[in-house]
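This report refers to the structure that appears directly beneath it.
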Amino acid sequence: MSTTHYICKYTPVELLSAFGGQCAVLDGMADSFDRSDQVSHPNLCGFGKAVLEACLSGEVRELVLVNCCDTIRSAYDVLLEHGKLDFLFLMDMLHCGGDCARERTKAELLRLAKAYGAYKGTSFDEKAFRGAFAPNPRPTEPYLSVLGGRVGEPLFRMMEEAMPLPVRNDTCVHNRDVAMPPAGGDFDSLMDWYAGALLEQLPCMRMADNSGRRRLTQDPHLKGVIYHTVKFCDYYGFEYAQLRGELTVPMLKLESDYTVQSSGQLRTRLEAFAETLAPEIMGVREGGRVMSNGHYYVGIDSGSTSTDVAILDRDKNLVAGVILPTG
């Protein structure tokens with residue numbers, strides 16, 4: 001089955017599922033921008049170029065976009081002219097709530113339903129629609145949050161590996177949380193409710209009123225923030241400047257150009273940030289388990305042929321050890 005990719009949490013994923021779609025977030029990072037640089041403006045942000053690379057390479061065949069910024073509108077124009085995708089749709093969404101935005105969103109839902117249903121050759125399945133909704137509960141244990149602009153999957157995995165606590169991706173599309181639908185109602189009334197539910201999510205920075213985002217930073221279980229921005233994108237830089245003066249938990253800012261190479265260069269900064277987190281709060285994690293209370297002893301014996309390392313906890317239990325060729 002083909003996959004319909006999307007890039008924005010305001011994408012009506014449940015509606016696509018109701019027509020038989022299998023949906024996935026497009027958050028891969030490109031090795032280079034060779035293809036996109038040939039067809040787009042050089043100042044297009046790294047994420048926009050990564051979207052173009054994935055589509056022009058044939059990795060993505062079906063794509064639903066939301067006109068969240070000029071970059072996405074430009075990417076849509078390029079892909080429409082290029083004509084390689086099997087299905088391409090740009091959803092127009094106002095950057096506000098209220099009756100006008102809800103009415104506009106509903107009209108876009110109906111337009112998408114008509115286009116996607118015709119493409120798939122299917123009709124709306126209410127049971128599949130209702131079954132596609134899934135809660136996105138907040139953590140109940142200490143964790144670190146990645147905030148800011150969308151972060152590529154390879155970079156997020158690197159964050160998970162480097163940090164001593166579970167890491168939650170709260171960027172952009174990944175903090176999607178749409179309420180469960182009410183019982184009853186015909187298709188038209190369901191779409192009217194659905195339009196409002198999409199707009200009532202925790203707002204992204206592009207919404208006119210984004211004050212609701214404070215729920216992300218006022219969580220008592222939050223122990224640190226990695227704030228990610230994408231080169232040439234200013235939206236989340238404004239939020240970072242505000243949070244820098246408000247947060248009481250440790251905070252690290254990272255900027256990437258959405259290439260695999262840039263993510264690799266950030267590993268050292270991530271590891272340094274992990275070391276600055278208070279051991280008595282964060283602990284040390286091995287295989288997902290928090291160990292001891294931050295007191296460890298490391299012995300290193302570096303000889304001409306091998307280097308031996310042993311780590312003991314405060315009770316002299318061997319926590320980890322390794323023998324490697326010297327050099």
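Within each chain, counting starts at residue 1; across the structure tokens, chains are named A, B, ... in the order shown, with ligands numbered 1 upward in that order.
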
Original post:
Got a sec: who's within 10 Å of stretch 239-241 of chain A, counting only C-alpha atoms, leaving out chain neighbours fewer than 2 positions off, as a list of chain:residue names?
Top reply: A:Leu147, A:Gly148, A:Met205, A:Asn210, A:Arg213, A:Tyr227, A:His228, A:Thr229, A:Asp234, A:Tyr235, A:Tyr236, A:Gly237, A:Leu243, A:Arg244, A:Gly245, A:Glu246, A:Met251, A:Leu252, A:Lys253

Keeping only all heavy atoms, write those residues as a compact mmCIF listing (two decimals), in the first residue's frame.
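Once written, again.txt looks like this:
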# COMPACT_ATOMS: atom_id res chain seq x y z
N LEU A 147 11.81 21.16 21.62
CA LEU A 147 10.86 22.18 21.19
C LEU A 147 11.40 22.90 19.96
O LEU A 147 12.53 22.69 19.54
CB LEU A 147 10.59 23.17 22.32
CG LEU A 147 9.98 22.61 23.61
CD1 LEU A 147 9.89 23.71 24.66
CD2 LEU A 147 8.61 22.04 23.33
N GLY A 148 10.57 23.80 19.41
CA GLY A 148 10.99 24.60 18.29
C GLY A 148 10.49 24.07 16.97
O GLY A 148 9.44 23.44 16.88
N MET A 205 3.74 27.90 16.44
CA MET A 205 4.19 29.30 16.51
C MET A 205 3.63 30.16 15.38
O MET A 205 3.69 31.39 15.45
CB MET A 205 5.71 29.34 16.48
CG MET A 205 6.37 29.24 17.84
SD MET A 205 5.88 30.56 18.97
CE MET A 205 6.64 31.98 18.18
N ASN A 210 -0.56 32.12 20.05
CA ASN A 210 0.17 30.90 20.38
C ASN A 210 0.48 30.78 21.87
O ASN A 210 1.38 30.05 22.28
CB ASN A 210 1.47 30.80 19.57
CG ASN A 210 2.31 32.06 19.66
OD1 ASN A 210 2.57 32.57 20.74
ND2 ASN A 210 2.72 32.58 18.51
N ARG A 213 0.94 27.49 23.95
CA ARG A 213 2.17 26.69 23.93
C ARG A 213 2.85 26.63 25.30
O ARG A 213 3.72 25.79 25.53
CB ARG A 213 3.15 27.26 22.90
CG ARG A 213 2.70 27.05 21.47
CD ARG A 213 3.69 27.63 20.49
NE ARG A 213 5.02 27.05 20.63
CZ ARG A 213 5.38 25.87 20.14
NH1 ARG A 213 4.49 25.14 19.48
NH2 ARG A 213 6.60 25.43 20.29
N TYR A 227 16.17 23.11 22.20
CA TYR A 227 15.37 23.95 21.32
C TYR A 227 16.00 23.94 19.93
O TYR A 227 17.13 24.37 19.73
CB TYR A 227 15.28 25.38 21.85
CG TYR A 227 14.08 26.10 21.30
CD1 TYR A 227 12.88 26.10 22.01
CD2 TYR A 227 14.12 26.71 20.06
CE1 TYR A 227 11.75 26.71 21.49
CE2 TYR A 227 13.00 27.31 19.53
CZ TYR A 227 11.82 27.32 20.25
OH TYR A 227 10.70 27.91 19.73
N HIS A 228 15.24 23.44 18.95
CA HIS A 228 15.76 23.26 17.60
C HIS A 228 15.18 24.29 16.64
O HIS A 228 13.98 24.56 16.64
CB HIS A 228 15.39 21.86 17.08
CG HIS A 228 15.83 21.62 15.67
ND1 HIS A 228 14.95 21.58 14.61
CD2 HIS A 228 17.06 21.41 15.16
CE1 HIS A 228 15.62 21.37 13.50
NE2 HIS A 228 16.90 21.25 13.79
N THR A 229 16.04 24.89 15.87
CA THR A 229 15.61 25.80 14.81
C THR A 229 16.24 25.36 13.49
O THR A 229 17.28 24.69 13.47
CB THR A 229 16.02 27.27 15.10
OG1 THR A 229 17.45 27.34 15.21
CG2 THR A 229 15.39 27.76 16.39
N ASP A 234 12.74 31.98 10.96
CA ASP A 234 12.76 32.86 12.12
C ASP A 234 11.64 32.60 13.13
O ASP A 234 11.72 33.07 14.26
CB ASP A 234 12.67 34.32 11.68
CG ASP A 234 13.88 34.76 10.88
OD1 ASP A 234 14.98 34.24 11.17
OD2 ASP A 234 13.73 35.60 9.98
N TYR A 235 10.60 31.87 12.71
CA TYR A 235 9.42 31.73 13.56
C TYR A 235 9.79 31.28 14.97
O TYR A 235 9.40 31.88 15.96
CB TYR A 235 8.44 30.73 12.97
CG TYR A 235 7.54 31.32 11.90
CD1 TYR A 235 7.77 31.09 10.56
CD2 TYR A 235 6.44 32.11 12.24
CE1 TYR A 235 6.96 31.62 9.58
CE2 TYR A 235 5.61 32.64 11.28
CZ TYR A 235 5.87 32.39 9.94
OH TYR A 235 5.06 32.92 8.98
N TYR A 236 10.54 30.20 15.06
CA TYR A 236 10.83 29.62 16.36
C TYR A 236 11.99 30.31 17.06
O TYR A 236 12.19 30.13 18.26
CB TYR A 236 11.05 28.11 16.22
CG TYR A 236 9.76 27.39 15.94
CD1 TYR A 236 9.33 27.17 14.64
CD2 TYR A 236 8.94 26.98 16.98
CE1 TYR A 236 8.13 26.54 14.38
CE2 TYR A 236 7.74 26.35 16.73
CZ TYR A 236 7.34 26.12 15.44
OH TYR A 236 6.14 25.51 15.19
N GLY A 237 12.75 31.10 16.33
CA GLY A 237 13.78 31.90 16.98
C GLY A 237 13.17 32.90 17.95
O GLY A 237 13.75 33.22 19.00
N LEU A 243 11.69 32.18 25.72
CA LEU A 243 11.86 31.11 26.70
C LEU A 243 13.19 31.21 27.44
O LEU A 243 13.30 30.79 28.60
CB LEU A 243 11.77 29.75 26.02
CG LEU A 243 10.39 29.35 25.49
CD1 LEU A 243 10.47 27.98 24.83
CD2 LEU A 243 9.37 29.33 26.62
N ARG A 244 14.18 31.76 26.80
CA ARG A 244 15.51 31.87 27.43
C ARG A 244 15.44 32.67 28.73
O ARG A 244 16.18 32.41 29.67
CB ARG A 244 16.49 32.53 26.46
CG ARG A 244 17.93 32.50 26.92
CD ARG A 244 18.84 33.01 25.85
NE ARG A 244 18.47 34.35 25.41
CZ ARG A 244 19.11 35.03 24.47
NH1 ARG A 244 20.13 34.48 23.85
NH2 ARG A 244 18.71 36.24 24.12
N GLY A 245 14.51 33.62 28.79
CA GLY A 245 14.37 34.42 30.00
C GLY A 245 13.33 33.88 30.96
O GLY A 245 13.20 34.38 32.07
N GLU A 246 12.56 32.86 30.53
CA GLU A 246 11.47 32.35 31.37
C GLU A 246 11.75 30.99 31.98
O GLU A 246 11.33 30.73 33.11
CB GLU A 246 10.18 32.26 30.54
CG GLU A 246 9.64 33.60 30.06
CD GLU A 246 8.38 33.44 29.25
OE1 GLU A 246 7.98 32.28 28.99
OE2 GLU A 246 7.78 34.48 28.85
N MET A 251 18.60 24.54 29.21
CA MET A 251 18.12 24.72 27.85
C MET A 251 19.29 24.78 26.88
O MET A 251 20.30 25.44 27.13
CB MET A 251 17.29 26.00 27.75
CG MET A 251 16.60 26.23 26.43
SD MET A 251 15.59 27.73 26.51
CE MET A 251 14.78 27.69 24.91
N LEU A 252 19.17 24.09 25.75
CA LEU A 252 20.19 24.10 24.71
C LEU A 252 19.53 24.46 23.39
O LEU A 252 18.49 23.92 23.04
CB LEU A 252 20.83 22.71 24.58
CG LEU A 252 21.75 22.48 23.38
CD1 LEU A 252 23.02 23.30 23.50
CD2 LEU A 252 22.07 21.01 23.21
N LYS A 253 20.15 25.38 22.65
CA LYS A 253 19.65 25.73 21.33
C LYS A 253 20.52 25.09 20.26
O LYS A 253 21.75 25.18 20.30
CB LYS A 253 19.63 27.24 21.12
CG LYS A 253 19.06 27.64 19.75
CD LYS A 253 19.11 29.13 19.53
CE LYS A 253 18.54 29.48 18.15
NZ LYS A 253 18.63 30.93 17.86

Subject >> All alpha helix (DSSP H) residues (DSSP, backbone) inside stretch 125-291 of chain A, as a ChimeraX atom specification >> reply: /A:126-131,153-162,187-199,214-217,235-246,260-265,267-276,279-282

Original post:
Please, what distance in Å, to one decimal, runs between atom CA of A:Ala115 and atom CA of A:Phe89?
Top reply: 8.4 Å

Original post:
In stretch 34-146 of chain A, what's strand (DSSP E) per DSSP? Answer as a PyMOL selection string?
Top reply: chain A and resi 62-66+87-91+143-146

**OP:** Using only C-alpha atoms, determine which residues lie at most 10 Å from A:Asp70, disregarding the query and same-chain residues fewer than 5 positions distant; provide the list as a ChimeraX atom specification.
**Re:** /A:44-45,48,75-76
